[in-house]
$ cat entry.tsv   # TSV, C-alpha atoms and all ligand atoms
chain	number	residue	atom	x	y	z
A	1	MET	CA	0.00	0.00	0.00
A	2	PRO	CA	1.46	3.41	-0.89
A	3	PRO	CA	2.30	5.62	2.09
A	4	ARG	CA	-0.41	8.18	2.67
A	5	THR	CA	0.25	11.89	2.29
A	6	ARG	CA	-1.99	14.62	3.55
A	7	GLY	CA	-3.86	16.53	0.89
A	8	GLY	CA	-3.08	20.14	0.11
A	9	VAL	CA	-0.55	21.86	-2.03
A	10	ALA	CA	2.06	23.26	0.25
A	11	GLY	CA	2.82	20.03	2.08
A	12	GLY	CA	5.34	19.91	4.98
A	13	ARG	CA	5.53	22.96	7.20
A	14	GLU	CA	8.89	24.65	7.47
A	15	GLU	CA	9.91	25.22	11.06
A	16	VAL	CA	12.98	26.65	12.68
A	17	HIS	CA	14.77	24.45	15.18
A	18	PRO	CA	16.18	26.14	18.35
A	19	SER	CA	19.64	25.69	16.73
A	20	GLY	CA	18.47	28.14	14.04
A	21	GLU	CA	18.32	25.52	11.30
A	22	ALA	CA	15.24	25.24	9.12
A	23	GLU	CA	13.60	21.85	9.03
A	24	THR	CA	10.45	20.49	7.43
A	25	ARG	CA	7.79	18.88	9.56
A	26	SER	CA	6.61	15.76	7.75
A	27	ASP	CA	3.18	16.04	6.16
A	28	SER	CA	2.73	12.29	5.81
A	29	GLU	CA	-0.43	11.03	7.39
A	30	PHE	CA	0.65	9.18	10.51
A	31	ASP	CA	-0.29	5.53	10.16
A	32	LEU	CA	-1.66	4.66	13.59
A	33	GLU	CA	-2.69	1.22	12.36
A	34	ALA	CA	0.87	0.32	11.30
A	35	TYR	CA	2.18	1.75	14.58
A	36	SER	CA	-0.14	-0.39	16.70
A	37	GLN	CA	0.46	-3.44	14.55
A	38	ASN	CA	4.20	-3.05	15.07
A	39	LEU	CA	3.79	-3.06	18.83
A	40	ALA	CA	1.36	-5.97	18.80
A	41	GLU	CA	3.55	-8.04	16.48
A	42	GLN	CA	6.60	-7.62	18.68
A	43	SER	CA	4.78	-8.25	21.95
A	44	ALA	CA	3.28	-11.44	20.51
A	45	ARG	CA	6.70	-12.66	19.41
A	46	ALA	CA	8.26	-11.79	22.76
A	47	VAL	CA	5.55	-13.71	24.63
A	48	GLU	CA	5.99	-16.65	22.25
A	49	LYS	CA	9.71	-16.72	22.97
A	50	GLY	CA	9.21	-16.26	26.71
A	51	GLU	CA	11.11	-12.99	26.54
A	52	ILE	CA	8.68	-10.83	28.48
A	53	ARG	CA	9.78	-10.81	32.07
A	54	THR	CA	8.16	-9.24	35.08
A	55	ASP	CA	11.24	-7.11	35.75
A	56	PHE	CA	10.77	-5.55	32.28
A	57	GLU	CA	14.45	-6.04	31.55
A	58	GLY	CA	15.55	-6.48	28.04
A	59	VAL	CA	12.65	-6.81	25.77
A	60	VAL	CA	10.49	-3.83	25.12
A	61	ALA	CA	9.20	-3.37	21.59
A	62	HIS	CA	11.02	-1.00	19.30
A	63	VAL	CA	8.73	1.01	17.07
A	64	PRO	CA	10.37	2.15	13.83
A	65	VAL	CA	10.67	5.92	13.70
A	66	MET	CA	9.25	7.86	10.70
A	67	LEU	CA	8.23	4.62	9.01
A	68	GLY	CA	5.74	6.30	6.65
A	69	GLU	CA	8.34	8.86	5.61
A	70	VAL	CA	10.98	6.18	4.95
A	71	LEU	CA	8.50	4.16	2.87
A	72	GLN	CA	7.75	7.30	0.89
A	73	VAL	CA	11.42	7.76	0.00
A	74	PHE	CA	11.41	4.46	-1.88
A	75	HIS	CA	7.77	4.42	-2.96
A	76	GLY	CA	7.15	3.97	-6.69
A	77	ARG	CA	10.83	3.44	-7.42
A	78	ARG	CA	12.55	0.34	-8.71
A	79	LEU	CA	14.02	-1.35	-5.63
A	80	ARG	CA	15.75	-4.53	-6.73
A	81	SER	CA	18.35	-4.43	-3.98
A	82	PHE	CA	18.14	-2.93	-0.52
A	83	VAL	CA	20.48	-2.80	2.46
A	84	ASP	CA	19.35	-1.92	5.97
A	85	CYS	CA	22.58	-0.99	7.76
A	86	THR	CA	20.89	-0.87	11.17
A	87	VAL	CA	18.32	-3.66	11.32
A	88	GLY	CA	17.42	-3.28	15.03
A	89	ALA	CA	14.06	-5.01	15.55
A	90	GLY	CA	13.50	-5.19	11.79
A	91	GLY	CA	10.53	-2.79	11.67
A	92	HIS	CA	11.77	-0.67	8.75
A	93	SER	CA	13.21	-3.67	6.94
A	94	SER	CA	10.09	-5.82	7.04
A	95	ALA	CA	7.87	-2.93	5.92
A	96	ILE	CA	10.18	-2.09	3.01
A	97	ILE	CA	10.45	-5.73	1.94
A	98	ARG	CA	6.66	-6.05	1.95
A	99	ALA	CA	6.19	-2.77	0.05
A	100	HIS	CA	8.51	-3.84	-2.80
A	101	PRO	CA	7.53	-7.06	-4.55
A	102	ASP	CA	10.24	-6.29	-7.14
A	103	LEU	CA	12.96	-6.74	-4.50
A	104	GLN	CA	15.51	-9.39	-5.49
A	105	PHE	CA	18.17	-8.92	-2.83
A	106	TYR	CA	17.95	-7.83	0.81
A	107	LEU	CA	20.86	-7.44	3.22
A	108	GLY	CA	20.34	-6.61	6.89
A	109	LEU	CA	23.28	-5.52	9.02
A	110	ASP	CA	23.60	-4.84	12.71
A	111	VAL	CA	26.57	-4.67	15.00
A	112	ASP	CA	24.46	-6.11	17.81
A	113	THR	CA	23.90	-9.87	17.49
A	114	THR	CA	20.93	-9.76	19.87
A	115	ALA	CA	19.20	-7.31	17.51
A	116	LEU	CA	19.70	-9.70	14.61
A	117	GLU	CA	18.23	-12.54	16.65
A	118	THR	CA	15.19	-10.42	17.53
A	119	ALA	CA	14.65	-9.31	13.94
A	120	ARG	CA	15.33	-12.59	12.16
A	121	ASP	CA	11.82	-14.17	12.39
A	122	ARG	CA	10.14	-10.99	11.35
A	123	ILE	CA	12.39	-10.48	8.37
A	124	ASP	CA	12.20	-14.14	7.38
A	125	ALA	CA	8.40	-13.90	7.35
A	126	ALA	CA	8.51	-10.83	5.09
A	127	ILE	CA	11.15	-12.43	2.86
A	128	GLU	CA	9.11	-15.59	2.51
A	129	ASP	CA	6.27	-13.56	1.04
A	130	ALA	CA	8.65	-11.56	-1.15
A	131	ARG	CA	10.70	-14.59	-2.27
A	132	CYS	CA	13.89	-12.59	-2.67
A	133	ALA	CA	17.44	-13.55	-1.73
A	134	SER	CA	18.42	-12.33	1.71
A	135	GLU	CA	21.33	-12.19	4.10
A	136	MET	CA	21.65	-10.96	7.66
A	137	GLU	CA	25.11	-10.20	8.94
A	138	HIS	CA	26.66	-9.20	12.21
A	139	SER	CA	28.68	-6.31	10.90
A	140	ARG	CA	29.63	-2.72	11.45
A	141	LEU	CA	27.66	-0.68	8.99
A	142	GLU	CA	30.67	0.71	7.16
A	143	ALA	CA	32.46	-2.62	6.76
A	144	HIS	CA	30.16	-4.94	4.85
A	145	LEU	CA	28.71	-2.54	2.33
A	146	ARG	CA	31.70	-2.40	0.03
A	147	LEU	CA	31.06	-6.01	-0.97
A	148	HIS	CA	27.84	-4.96	-2.67
A	149	LEU	CA	27.61	-2.61	-5.61
A	150	SER	CA	24.68	-1.17	-7.51
A	151	LEU	CA	22.25	-0.98	-4.63
A	152	ASP	CA	18.92	0.73	-5.26
A	153	GLY	CA	18.29	1.61	-1.63
A	154	ILE	CA	20.16	1.92	1.66
A	155	LEU	CA	18.81	2.87	5.08
A	156	MET	CA	20.62	3.95	8.24
A	157	ASP	CA	18.48	4.47	11.33
A	158	LEU	CA	21.13	5.62	13.77
A	159	GLY	CA	21.31	5.45	17.51
A	160	MET	CA	19.97	2.83	19.86
A	161	SER	CA	16.98	0.55	19.70
A	162	SER	CA	14.47	0.46	22.56
A	163	MET	CA	15.71	-3.07	23.33
A	164	GLN	CA	19.16	-1.61	24.00
A	165	VAL	CA	18.08	1.49	25.95
A	166	ASN	CA	15.52	-0.32	28.06
A	167	ASN	CA	17.87	-3.06	29.16
A	168	PRO	CA	19.85	-1.70	32.13
A	169	ARG	CA	22.43	-4.47	31.67
A	170	ARG	CA	23.55	-2.81	28.43
A	171	GLY	CA	24.47	0.33	30.39
A	172	PHE	CA	22.70	2.91	28.18
A	173	SER	CA	19.99	3.80	30.66
A	174	VAL	CA	20.35	6.90	32.86
A	175	LEU	CA	17.60	5.83	35.23
A	176	GLY	CA	18.15	2.08	35.43
A	177	ASP	CA	21.12	0.55	37.25
A	178	GLY	CA	23.58	-1.65	35.43
A	179	PRO	CA	27.22	-2.02	34.41
A	180	LEU	CA	28.94	0.87	32.65
A	181	ASP	CA	29.05	-0.98	29.35
A	182	MET	CA	27.40	0.99	26.46
A	183	ARG	CA	28.75	-1.24	23.68
A	184	MET	CA	26.46	-1.56	20.67
A	185	ASN	CA	28.55	-4.55	19.70
A	186	PRO	CA	28.64	-6.83	22.75
A	187	GLN	CA	31.88	-8.37	21.41
A	188	ALA	CA	33.80	-5.07	21.20
A	189	ALA	CA	36.61	-4.49	23.69
A	190	LEU	CA	36.07	-0.94	24.93
A	191	LYS	CA	33.41	-0.22	27.59
A	192	ALA	CA	32.32	3.07	29.15
A	193	GLU	CA	33.97	2.13	32.44
A	194	ASP	CA	37.35	1.85	30.68
A	195	ILE	CA	37.03	5.46	29.54
A	196	LEU	CA	35.86	6.70	32.94
A	197	ASN	CA	38.44	4.80	34.98
A	198	SER	CA	41.54	4.73	32.82
A	199	TRP	CA	41.58	7.20	29.93
A	200	PRO	CA	43.80	10.27	30.40
A	201	GLU	CA	42.04	13.15	32.16
A	202	ALA	CA	42.20	15.44	29.12
A	203	GLU	CA	40.61	12.77	26.91
A	204	VAL	CA	37.74	12.31	29.37
A	205	GLY	CA	37.19	16.09	29.29
A	206	ARG	CA	37.29	16.13	25.48
A	207	VAL	CA	34.68	13.36	25.26
A	208	LEU	CA	32.31	15.24	27.61
A	209	LYS	CA	32.84	18.55	25.83
A	210	GLU	CA	32.81	17.40	22.20
A	211	TYR	CA	30.41	14.46	22.24
A	212	GLY	CA	28.13	15.59	25.08
A	213	GLU	CA	28.30	19.33	24.28
A	214	GLU	CA	28.18	19.65	28.06
A	215	SER	CA	29.01	23.12	29.39
A	216	ASN	CA	29.81	21.77	32.88
A	217	TRP	CA	32.41	19.34	31.49
A	218	ARG	CA	35.35	20.64	33.59
A	219	LEU	CA	33.61	19.99	36.92
A	220	LEU	CA	32.43	16.57	35.75
A	221	GLN	CA	35.93	15.69	34.56
A	222	LYS	CA	37.31	16.63	38.02
A	223	LYS	CA	34.68	14.57	39.82
A	224	ILE	CA	35.40	11.56	37.60
A	225	MET	CA	39.11	11.89	38.41
A	226	SER	CA	38.38	12.07	42.17
A	227	ALA	CA	36.16	8.98	41.89
A	228	ARG	CA	39.22	7.12	40.61
A	229	LEU	CA	40.89	7.72	43.99
A	230	HIS	CA	38.04	5.77	45.61
A	231	GLY	CA	38.02	2.74	43.30
A	232	GLY	CA	36.45	4.32	40.20
A	233	LEU	CA	32.96	4.17	38.70
A	234	HIS	CA	31.43	0.78	37.92
A	235	SER	CA	27.68	1.20	37.55
A	236	THR	CA	25.35	3.53	35.69
A	237	LYS	CA	23.81	4.51	39.05
A	238	GLU	CA	27.20	5.61	40.37
A	239	LEU	CA	27.71	7.74	37.27
A	240	ALA	CA	24.18	9.18	37.47
A	241	ASP	CA	24.73	10.00	41.18
A	242	LEU	CA	28.00	11.74	40.34
A	243	VAL	CA	26.22	13.87	37.75
A	244	ARG	CA	23.42	14.64	40.19
A	245	SER	CA	25.95	15.83	42.77
A	246	THR	CA	27.36	18.38	40.27
A	247	SER	CA	23.99	19.74	39.13
A	248	PRO	CA	22.45	22.80	40.80
A	249	LYS	CA	19.57	21.75	43.08
A	250	SER	CA	17.57	24.73	41.76
A	251	LYS	CA	17.27	23.00	38.37
A	252	GLY	CA	15.54	20.02	40.00
A	253	ARG	CA	15.26	16.45	38.70
A	254	GLN	CA	14.94	17.47	35.05
A	255	GLY	CA	18.15	19.49	35.34
A	256	TRP	CA	20.40	16.63	36.37
A	257	ILE	CA	18.67	14.14	34.09
A	258	LYS	CA	19.38	16.39	31.09
A	259	THR	CA	23.05	16.61	32.07
A	260	ALA	CA	23.24	12.87	32.68
A	261	THR	CA	21.66	12.23	29.26
A	262	ARG	CA	24.40	14.35	27.65
A	263	VAL	CA	27.13	12.55	29.64
A	264	PHE	CA	25.74	9.12	28.69
A	265	GLN	CA	25.49	10.22	25.06
A	266	ALA	CA	29.10	11.41	25.11
A	267	LEU	CA	30.36	8.10	26.48
A	268	ARG	CA	28.24	6.06	24.08
A	269	ILE	CA	29.61	7.99	21.10
A	270	ALA	CA	33.18	7.43	22.29
A	271	VAL	CA	32.70	3.74	23.15
A	272	ASN	CA	31.26	2.99	19.72
A	273	ASP	CA	33.32	5.53	17.77
A	274	GLU	CA	29.99	6.60	16.31
A	275	LEU	CA	30.89	9.79	14.50
A	276	LYS	CA	33.85	8.44	12.53
A	277	THR	CA	31.90	5.27	11.75
A	278	LEU	CA	29.00	7.36	10.45
A	279	GLU	CA	31.14	9.49	8.15
A	280	ASP	CA	32.90	6.42	6.68
A	281	ALA	CA	29.57	4.64	6.27
A	282	LEU	CA	28.01	7.58	4.41
A	283	TYR	CA	30.85	7.69	1.87
A	284	GLY	CA	30.92	3.89	1.59
A	285	SER	CA	27.16	3.67	1.07
A	286	PHE	CA	27.05	6.33	-1.60
A	287	GLU	CA	29.76	4.49	-3.54
A	288	CYS	CA	27.60	1.35	-3.52
A	289	LEU	CA	24.46	3.00	-4.87
A	290	SER	CA	23.30	2.40	-8.42
A	291	SER	CA	22.50	5.38	-10.59
A	292	GLY	CA	19.20	6.72	-9.20
A	293	GLY	CA	19.74	4.74	-5.97
A	294	ARG	CA	18.83	6.44	-2.68
A	295	LEU	CA	20.37	6.55	0.77
A	296	ALA	CA	18.09	7.58	3.66
A	297	VAL	CA	19.52	8.43	7.07
A	298	ILE	CA	17.65	9.07	10.31
A	299	SER	CA	19.75	10.79	12.96
A	300	PHE	CA	18.90	11.53	16.58
A	301	HIS	CA	21.22	14.29	17.76
A	302	SER	CA	22.80	17.41	16.35
A	303	LEU	CA	26.33	15.95	16.10
A	304	GLU	CA	25.10	13.11	13.91
A	305	ASP	CA	22.84	15.34	11.85
A	306	ARG	CA	25.68	17.82	11.21
A	307	ILE	CA	27.86	15.00	9.88
A	308	VAL	CA	25.08	13.72	7.62
A	309	LYS	CA	24.37	17.22	6.31
A	310	GLN	CA	28.02	18.12	5.65
A	311	THR	CA	29.00	14.74	4.22
A	312	PHE	CA	26.02	14.80	1.83
A	313	LEU	CA	27.17	18.24	0.60
A	314	CYS	CA	30.74	16.96	0.04
A	315	ILE	CA	29.49	13.80	-1.68
A	316	ILE	CA	27.25	15.48	-4.26
A	317	ASN	CA	30.09	17.80	-5.31
A	318	LYS	CA	27.96	20.82	-5.91
A	319	GLU	CA	29.15	23.06	-8.74
A	320	GLU	CA	29.43	26.77	-8.09
A	321	GLY	CA	26.62	28.62	-9.80
A	322	VAL	CA	24.34	25.62	-10.10
A	323	LYS	CA	21.01	26.50	-8.51
A	324	SER	CA	20.15	24.56	-5.39
A	325	SER	CA	16.66	23.49	-6.24
A	326	ALA	CA	13.68	24.51	-8.30
A	327	GLU	CA	15.20	23.55	-11.67
A	328	GLU	CA	14.90	19.89	-10.66
A	329	GLU	CA	11.35	18.90	-11.23
A	330	VAL	CA	10.07	17.99	-7.79
A	331	ALA	CA	7.59	15.26	-8.57
A	332	GLU	CA	7.45	13.87	-5.08
A	333	ASN	CA	5.41	15.73	-2.55
A	334	TRP	CA	7.66	14.87	0.41
A	335	SER	CA	10.82	16.29	-1.19
A	336	LYS	CA	10.32	20.02	-0.88
A	337	ALA	CA	13.68	21.50	-1.83
A	338	ARG	CA	16.72	19.83	-3.32
A	339	VAL	CA	20.40	20.53	-3.77
A	340	VAL	CA	21.86	19.36	-7.05
A	341	GLY	CA	25.52	18.41	-7.46
A	342	LYS	CA	27.68	16.70	-10.10
A	343	GLU	CA	27.52	13.33	-8.35
A	344	GLY	CA	24.16	13.37	-6.62
A	345	ILE	CA	21.08	15.21	-5.45
A	346	ILE	CA	20.22	15.94	-1.85
A	347	LEU	CA	16.46	15.38	-1.76
A	348	THR	CA	16.05	17.01	1.63
A	349	LYS	CA	17.65	20.45	1.57
A	350	ARG	CA	16.03	20.77	4.97
A	351	PRO	CA	15.75	17.64	7.12
A	352	ILE	CA	12.31	16.12	7.58
A	353	THR	CA	11.07	15.74	11.16
A	354	PRO	CA	8.27	13.46	12.48
A	355	THR	CA	4.60	14.42	12.51
A	356	GLU	CA	3.15	15.83	15.73
A	357	GLU	CA	1.01	12.67	16.06
A	358	GLU	CA	4.08	10.44	16.01
A	359	GLU	CA	5.87	12.68	18.51
A	360	LYS	CA	2.96	12.37	20.93
A	361	LEU	CA	2.97	8.58	20.72
A	362	ASN	CA	6.68	7.91	20.62
A	363	VAL	CA	8.89	10.18	22.71
A	364	ARG	CA	11.98	8.54	21.22
A	365	CYS	CA	11.28	10.07	17.80
A	366	ARG	CA	11.26	13.68	19.00
A	367	SER	CA	14.80	14.48	17.94
A	368	ALA	CA	14.69	12.42	14.72
A	369	LYS	CA	15.74	14.00	11.42
A	370	LEU	CA	15.54	12.31	8.06
A	371	ARG	CA	17.92	13.25	5.23
A	372	VAL	CA	18.01	11.59	1.82
A	373	ILE	CA	20.52	11.62	-1.02
A	374	GLN	CA	20.23	10.18	-4.54
A	375	LYS	CA	23.07	9.18	-6.84
A	376	ILE	CA	23.05	10.68	-10.34
B	1	LIG	C1	17.56	2.67	16.04
B	1	LIG	S1	18.03	1.02	15.91
B	1	LIG	C2	17.34	0.52	14.37
B	1	LIG	C3	15.92	0.16	14.46
B	1	LIG	C4	15.33	-0.41	13.17
B	1	LIG	N1	15.34	0.57	12.12
B	1	LIG	C5	13.94	-0.97	13.37
B	1	LIG	O1	13.03	-0.63	12.61
B	1	LIG	O2	13.76	-1.77	14.27
B	1	LIG	C6	19.73	1.18	15.53
B	1	LIG	C7	20.45	-0.12	15.37
B	1	LIG	O3	21.71	0.18	14.78
B	1	LIG	C8	22.68	-0.67	15.31
B	1	LIG	N2	23.99	-0.05	15.14
B	1	LIG	C9	24.51	0.98	15.82
B	1	LIG	N3	25.75	1.26	15.39
B	1	LIG	C10	26.00	0.38	14.37
B	1	LIG	C11	27.11	0.17	13.51
B	1	LIG	N4	28.22	0.89	13.59
B	1	LIG	N5	27.01	-0.80	12.59
B	1	LIG	C12	25.90	-1.58	12.49
B	1	LIG	N6	24.82	-1.41	13.29
B	1	LIG	C13	24.88	-0.45	14.21
B	1	LIG	C14	22.29	-0.82	16.76
B	1	LIG	O4	22.81	-2.00	17.31
B	1	LIG	C15	20.76	-0.83	16.68
B	1	LIG	O5	20.25	-2.14	16.67
$ encode --input "entry.tsv" --output "structure tokens"
Amino acid sequence: MPPRTRGGVAGGREEVHPSGEAETRSDSEFDLEAYSQNLAEQSARAVEKGEIRTDFEGVVAHVPVMLGEVLQVFHGRRLRSFVDCTVGAGGHSSAIIRAHPDLQFYLGLDVDTTALETARDRIDAAIEDARCASEMEHSRLEAHLRLHLSLDGILMDLGMSSMQVNNPRRGFSVLGDGPLDMRMNPQAALKAEDILNSWPEAEVGRVLKEYGEESNWRLLQKKIMSARLHGGLHSTKELADLVRSTSPKSKGRQGWIKTATRVFQALRIAVNDELKTLEDALYGSFECLSSGGRLAVISFHSLEDRIVKQTFLCIINKEEGVKSSAEEEVAENWSKARVVGKEGIILTKRPITPTEEEEKLNVRCRSAKLRVIQKI
């Protein structure tokens, strides 16, 4: 079924983000039915596998963010080959597979083996209906892609899945208690506690400042160094308590939680080398696209989005004097303004953000931004 778009001529509303950047609020009609079905499907599978536990650890359904918008990106286009670089719970993948009966090859990648296990049944069921060749690989998103050329579609849905965030044992959760792990790839060597307890002081400060954009980074760095004198930090609760002790009481609970969220983000980016990985993956993916092939990326914080925006501009190799948009016939309602280069076209001059309906239902999507590039 084609993704639904709201009627009207103007389409998505341009808004200005607090950072000053213009963005376009999606005008897709939010598909509540697909949203509920996603939740129901995953809960049923979790019950079937005995994965729902009374302590709520581990398995909480992950609802794909901006699903309608992602489907729209590939709607009506030839999609013979598709790679999902971040399979997660398989929500985007299974919907795309089902929406494209012409699909001949699907590859799903995830650095987290538990995500692949969760998604496998769901993807297998969609593949069975589609009868296309498929592979699922435990792989970093930038590594495996180069083996495949001439892809018609690639998706990156960055960040963490709900299964990862909601499982305190993975160490991503500010409010739950667990080990200071934060590895997306459970087989990787570096954990957050290694950074906190043994990286040089200046490096710890840099991580907090650059990856957390945390103004109070100097005080936090000092506190982390003093904690080392008392055996170091070993649980997410200890880290959250340390952050709380540095936050002004006047700002209340929300104040320290915001700071802790930035500190956890900073450590997660460093543990998983997320920014460098992203840049490499964007270049690698574009190389693998066929002519007319599209790469869609959903990012969740400004550092990621900046990299996507700037790398897209470098990749398309925009010629001086070539007009940014308008002269490209914009036949698709969702793509409001484009930037044309020698190598490619950015289909989202301004990033697309979720509908208000989706934001109300899924807090996780609030910071999501979708950017899309097409190879010439
Ligand atoms: C937001 S989730 C994807 C959710 C998915 N789109 C869905 O519909 O269920 C992001 C996934 O990307 C994976 N991931 C993060 N960094 C990665 C990397 N460098 N390479 C491959 N996968 C990565 C995470 O393990 C996580 O499962």
$ closest_residue --input "entry.tsv" --among "A:Lys191, A:Arg183, A:His62, A:Lys223" --to "Thr118 in chain A" --atoms "all atoms listed in the file"
A:His62
$ residues_near_ligand --input "entry.tsv" --ligand "ligand LIG 1 (chain B)" --cutoff "7 Å" --atoms "all atoms listed in the file" --output "MDAnalysis selection string"
chainID A and resid 62:64 85:93 109:112 115 139:142 157:161 184:185 274 277
$ atom_distance --input "entry.tsv" --atom1 "CA of Gly178 in chain A" --atom2 "CA of His230 in chain A"
19.2 Å
$ closest_residue --input "entry.tsv" --among "A:Gly212, A:Gly252, A:Gly293, A:Pro179" --to "Ile346 in chain A" --atoms "only C-alpha atoms"
A:Gly293
$ atom_distance --input "entry.tsv" --atom1 "CA of Lys369 in chain A" --atom2 "CA of Arg170 in chain A"
25.2 Å
$ closest_residue --input "entry.tsv" --among "A:Ser285, A:Ser290, A:Thr261, A:Ser226" --to "Asn197 in chain A" --atoms "only C-alpha atoms"
A:Ser226
$ closest_residue --input "entry.tsv" --among "A:Glu23, A:Ala192, A:Glu69, A:Arg78" --to "Glu358 in chain A" --atoms "all atoms listed in the file"
A:Glu69
$ closest_residue --input "entry.tsv" --among "A:Arg338, A:Arg206, A:Arg294, A:His301" --to "Cys365 in chain A" --atoms "all atoms listed in the file"
A:His301
$ atom_distance --input "entry.tsv" --atom1 "CA of Pro248 in chain A" --atom2 "CA of Leu196 in chain A"
22.4 Å
$ residues_around --input "entry.tsv" --residues "Leu267 in chain A" --least-positions-apart "6" --cutoff "12 Å" --atoms "only C-alpha atoms" --output "JSON, numbers by chain"
{"A": [171, 172, 173, 174, 180, 181, 182, 183, 184, 190, 191, 192, 193, 194, 195, 196, 199, 203, 204, 205, 206, 207, 208, 209, 210, 211, 212, 213, 214, 236, 239, 260, 261, 273, 274]}
$ residues_near_point --input "entry.tsv" --point "(23.4, 4.7, 0.1)" --cutoff "10 Å" --atoms "all atoms listed in the file" --output "ChimeraX atom specification"
/A:82-85,145,150-156,281-290,293-297,372-375
$ write_last_selection --input "entry.tsv" --atoms "C-alpha atoms" --output "short mmCIF file (atom, residue, chain, number, x, y, z; two decimals), in the frame of the given file"
data_model
loop_
_atom_site.label_atom_id
_atom_site.label_comp_id
_atom_site.auth_asym_id
_atom_site.auth_seq_id
_atom_site.Cartn_x
_atom_site.Cartn_y
_atom_site.Cartn_z
CA PHE A 82 18.14 -2.93 -0.52
CA VAL A 83 20.48 -2.80 2.46
CA ASP A 84 19.35 -1.92 5.97
CA CYS A 85 22.58 -0.99 7.76
CA LEU A 145 28.71 -2.54 2.33
CA SER A 150 24.68 -1.17 -7.51
CA LEU A 151 22.25 -0.98 -4.63
CA ASP A 152 18.92 0.73 -5.26
CA GLY A 153 18.29 1.61 -1.63
CA ILE A 154 20.16 1.92 1.66
CA LEU A 155 18.81 2.87 5.08
CA MET A 156 20.62 3.95 8.24
CA ALA A 281 29.57 4.64 6.27
CA LEU A 282 28.01 7.58 4.41
CA TYR A 283 30.85 7.69 1.87
CA GLY A 284 30.92 3.89 1.59
CA SER A 285 27.16 3.67 1.07
CA PHE A 286 27.05 6.33 -1.60
CA GLU A 287 29.76 4.49 -3.54
CA CYS A 288 27.60 1.35 -3.52
CA LEU A 289 24.46 3.00 -4.87
CA SER A 290 23.30 2.40 -8.42
CA GLY A 293 19.74 4.74 -5.97
CA ARG A 294 18.83 6.44 -2.68
CA LEU A 295 20.37 6.55 0.77
CA ALA A 296 18.09 7.58 3.66
CA VAL A 297 19.52 8.43 7.07
CA VAL A 372 18.01 11.59 1.82
CA ILE A 373 20.52 11.62 -1.02
CA GLN A 374 20.23 10.18 -4.54
CA LYS A 375 23.07 9.18 -6.84
#
$ residues_around --input "entry.tsv" --residues "Tyr106 in chain A" --least-positions-apart "2" --cutoff "7 Å" --atoms "all atoms listed in the file" --output "PyMOL selection string"
chain A and resi 81-83+104+108+133-135
$ axis_aligned_box --input "entry.tsv" --around "range 254-264 of chain A" --padding-each-side "5 Å" --output "JSON"
{"center_x": 21.0, "center_y": 14.3, "center_z": 32.0, "size_x": 22.2, "size_y": 20.4, "size_z": 18.7}
